[in-house]
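One structure is given below, encoded as structure tokens.
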Amino acid sequence: MAGMLIRVLTIVSLLFLTGCGDDRVDKIEKYQQLTEKRVSSLADMLNNGQIRNANLLSQYADIVAQEQPTIAPLVSELARDSKGSGPMFSSLTQRLNELKDSSNFVDLDQQLSEAENLYQATDPSLFNDMLSDPVNVIADMSNGKLSRVNSISREAEALANSTEDIGAGSQLVGNPSYGQWQSSGGTSFWAWYGMYSMFSNIMHGPVYYDRWSSRRGYSYYNDVGRYRYTSPKQASAQNKTFERTKKQFSSQGKRFDSPYAKKRTGATALSRSSQSTPKSSATGKSSPKKFRSNYAKDSSFRNSSSRTTRGIRRGK
């Protein structure tokens, strides 16, 4: 009788512990389901012209391609981000596929952080803000004929941040959708992917990590959207580049700060979604203070085309 009672109590205890156990797996699955719906909706909005900065990206590309035929292939490649076939959107679908396999993460904390960030990254208003980088790259290539969006002017931004002008395309440096940091002879430099390598002919020489880190300008990706638009693997690669450079400087008795230690000035008229605090998913074992997502409940998608920003006119 006593043995039976012990077994019953054990079973009840296990059931109680299971009921009060870790719910991270359920949260991850829920985020996956919600993100799949968002990805599908975002693709439709892009392809149907419902994302304002995507429309501007396509229009800007057409204008610059006509006026500067020599860089037409490059701006046409940048314009791909205005549709669901572009590298930025493709990176979201790739991350969604990776999210479904727990072996891609060091632990559940990291997987949950990635699930939360990826869900936020597929918010149409956030993706609209993210597209400001390629839009502004083309604006900078227009010889002053096209104005930047969601950002102060090139001249004002350089003055505010005391940045080094490395040429058009600077907003995309550091963004893993367009290239990666490579090392040679102990020095890290930015290597563009595919057609984006044409930027090497436009910029004022190679972009070296150590110099760029202290003198980079503002970009939405580097100063606002990096956590949301970077996978854990990509974040790990970025951190390795930083640690390697920091170690090299330390061996010379010098200090080296992260390129993200100081936020650059430049953002204007961003969505409220961009102003919420994201969560780093580069490492596991998150801090005791739990992250409270501003997207805990799935809300209706905002039509980004209704937002008011400047048109295709020359800025002051």
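Chain identifiers are assigned as A, B, and so on, following the order in which chains appear in the structure tokens; residues are numbered from 1 within each chain, and ligands are numbered from 1 in order of appearance.
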
TODO: Enumerate, as a ChimeraX atom specification, the complete set of residues in segment 111-280 of chain A that a backbone-based DSSP assignment places in strand (DSSP E).
DONE: /A:179-184,187-192

TODO: Name the residues in contact with Ser90 of chain A at a cut-off of 12 Å, using only C-alpha atoms, excluding same-chain residues fewer than 4 positions from it; report them as a PyMOL selection string.
DONE: chain A and resi 39-40+42-43+80-86+94-97+122+176-178+229

Using C-alpha atoms, can you write the selected residues to a file as a CSV table (one decimal), in the first residue's frame?
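again-v4.csv written:
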chain,number,residue,atom,x,y,z
A,39,VAL,CA,6.7,35.9,-44.6
A,40,SER,CA,4.0,35.0,-47.1
A,42,LEU,CA,5.3,40.3,-46.8
A,43,ALA,CA,6.1,38.6,-50.1
A,80,ARG,CA,15.9,43.2,-56.6
A,81,ASP,CA,15.3,43.9,-52.9
A,82,SER,CA,12.1,45.7,-53.9
A,83,LYS,CA,10.6,42.2,-54.6
A,84,GLY,CA,10.4,38.9,-52.9
A,85,SER,CA,13.4,37.6,-54.9
A,86,GLY,CA,15.9,40.0,-53.3
A,94,GLN,CA,16.6,31.0,-45.1
A,95,ARG,CA,16.6,31.9,-41.4
A,96,LEU,CA,13.0,30.6,-41.0
A,97,ASN,CA,14.1,27.3,-42.4
A,122,THR,CA,9.1,40.2,-41.0
A,176,PRO,CA,25.7,40.0,-44.5
A,177,SER,CA,23.1,40.1,-47.2
A,178,TYR,CA,25.6,41.9,-49.5
A,229,TYR,CA,18.3,41.2,-39.5

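One finds atom CA of Glu77 of chain A at 24.6 Å from atom CA of Arg38 of chain A.
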
Open item on the list: Applying 9 Å and only C-alpha atoms, which residues near Val224 of chain A remain after dropping the ones on its own chain fewer than 4 positions away? List them as a VMD selection string.
Closed with: chain A and resid 130 219 to 220 228 263 267 274 to 275

Using N, CA and C atoms, can you export the residues from the last selection as a tab-separated table (two decimals), in the first residue's frame?
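Output below, filename result.tsv:
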chain	number	residue	atom	x	y	z
A	130	MET	N	14.14	48.94	-43.21
A	130	MET	CA	15.38	48.28	-43.59
A	130	MET	C	15.76	48.59	-45.04
A	219	SER	N	23.95	53.76	-40.86
A	219	SER	CA	23.12	52.93	-41.74
A	219	SER	C	22.04	52.30	-40.87
A	220	TYR	N	20.91	52.02	-41.46
A	220	TYR	CA	19.83	51.41	-40.69
A	220	TYR	C	20.28	50.05	-40.14
A	228	ARG	N	17.92	42.24	-35.48
A	228	ARG	CA	16.76	41.62	-36.11
A	228	ARG	C	17.10	41.02	-37.48
A	263	LYS	N	26.58	54.36	-31.28
A	263	LYS	CA	25.52	54.47	-32.28
A	263	LYS	C	25.67	55.77	-33.06
A	267	ALA	N	19.24	58.62	-38.39
A	267	ALA	CA	17.89	58.13	-38.64
A	267	ALA	C	16.85	59.23	-38.51
A	274	SER	N	10.68	50.11	-35.25
A	274	SER	CA	12.14	50.19	-35.26
A	274	SER	C	12.69	50.73	-33.96
A	275	GLN	N	11.86	51.44	-33.21
A	275	GLN	CA	12.33	52.07	-31.98
A	275	GLN	C	12.23	51.15	-30.76

- [ ] For atom CA of Gly144 of chain A and atom CA of Pro87 of chain A, quote the distance in Å rounded to one decimal.
- [x] 26.6 Å

- [ ] Quote the spacing between atom CA of Glu164 of chain A and atom CA of Arg215 of chain A in Å to one decimal place.
- [x] 5.5 Å

TODO: Write out as a VMD selection string each polymer residue whose atoms come within 10 Å of segment 231-237 of chain A, counting only C-alpha atoms; drop sequence neighbours fewer than 4 positions from it.
DONE: chain A and resid 91 to 92 94 to 96 98 to 99 104 to 106 110 to 111 113 to 114 117 to 118 175 to 177 180 to 181 226 to 227 241 to 243 280 to 284

Open item on the list: Could you pull out the alpha helix (DSSP H) residues of segment 51-111 of chain A, going by DSSP on the backbone, and write them as a PyMOL selection string?
Closed with: chain A and resi 52-67+72-78+87-99+108-111

Open item on the list: Here is a test: counting only C-alpha atoms, which residue of A:Tyr218, A:Ala115, A:Ile166, A:Gln59 is nearest to Asp26 of chain A?
Closed with: A:Ala115

- [ ] Identify which of the residues A:Thr187, A:Ser273, A:Thr93, A:Ser125 lies closest to Lys247 of chain A, counting only C-alpha atoms when measuring atom-to-atom distances.
- [x] A:Thr187

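Excluding Lys262 of chain A itself and any same-chain residue fewer than 6 positions from it, the protein and nucleic acid residues within 10 Å of it, counting only C-alpha atoms, are Ser213, Ser214 and Asp223 of chain A.
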
Output N, CA and C atoms of each residue in that selection to a file, as an mmCIF file, in the first residue's frame.
data_model
loop_
_atom_site.group_PDB
_atom_site.id
_atom_site.type_symbol
_atom_site.label_atom_id
_atom_site.label_comp_id
_atom_site.auth_asym_id
_atom_site.auth_seq_id
_atom_site.Cartn_x
_atom_site.Cartn_y
_atom_site.Cartn_z
ATOM 1 N N SER A 213 35.566 50.518 -38.565
ATOM 2 C CA SER A 213 34.939 50.415 -37.246
ATOM 3 C C SER A 213 34.870 51.746 -36.524
ATOM 4 N N SER A 214 35.912 52.540 -36.640
ATOM 5 C CA SER A 214 35.951 53.820 -35.924
ATOM 6 C C SER A 214 35.434 54.992 -36.746
ATOM 7 N N ASP A 223 23.025 50.440 -37.228
ATOM 8 C CA ASP A 223 22.668 51.237 -36.053
ATOM 9 C C ASP A 223 21.280 50.958 -35.489
#

Contacts of Phe199 of chain A at 9 Å (only C-alpha atoms; same-chain gap of 5+ positions) as a PDB file with N, CA and C atoms, in the first residue's frame:
ATOM      1  N   LEU A  74      24.531  47.284 -61.588  1.00  0.00           N
ATOM      2  CA  LEU A  74      24.621  47.332 -60.130  1.00  0.00           C
ATOM      3  C   LEU A  74      23.316  47.817 -59.509  1.00  0.00           C
ATOM      4  N   GLY A 167      32.708  56.454 -50.138  1.00  0.00           N
ATOM      5  CA  GLY A 167      32.038  56.364 -51.427  1.00  0.00           C
ATOM      6  C   GLY A 167      30.654  55.761 -51.317  1.00  0.00           C
ATOM      7  N   ALA A 168      29.904  55.811 -52.405  1.00  0.00           N
ATOM      8  CA  ALA A 168      28.551  55.263 -52.426  1.00  0.00           C
ATOM      9  C   ALA A 168      28.568  53.765 -52.131  1.00  0.00           C
ATOM     10  N   GLY A 169      27.600  53.331 -51.337  1.00  0.00           N
ATOM     11  CA  GLY A 169      27.522  51.923 -50.964  1.00  0.00           C
ATOM     12  C   GLY A 169      27.900  51.672 -49.523  1.00  0.00           C
ATOM     13  N   TRP A 192      32.530  41.899 -51.199  1.00  0.00           N
ATOM     14  CA  TRP A 192      31.162  41.944 -51.714  1.00  0.00           C
ATOM     15  C   TRP A 192      30.770  40.630 -52.373  1.00  0.00           C
TER      16      TRP A 192
END

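The closest residue to Ile28 of chain A, picked from A:Gln68, A:Leu57, A:Gly179, A:Lys100 and counting only C-alpha atoms, is A:Lys100.
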
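Nearest residue to Asn239 of chain A among A:Gly194, A:Tyr221, A:Gly253, A:Gly174 is A:Gly174, counting only C-alpha atoms.
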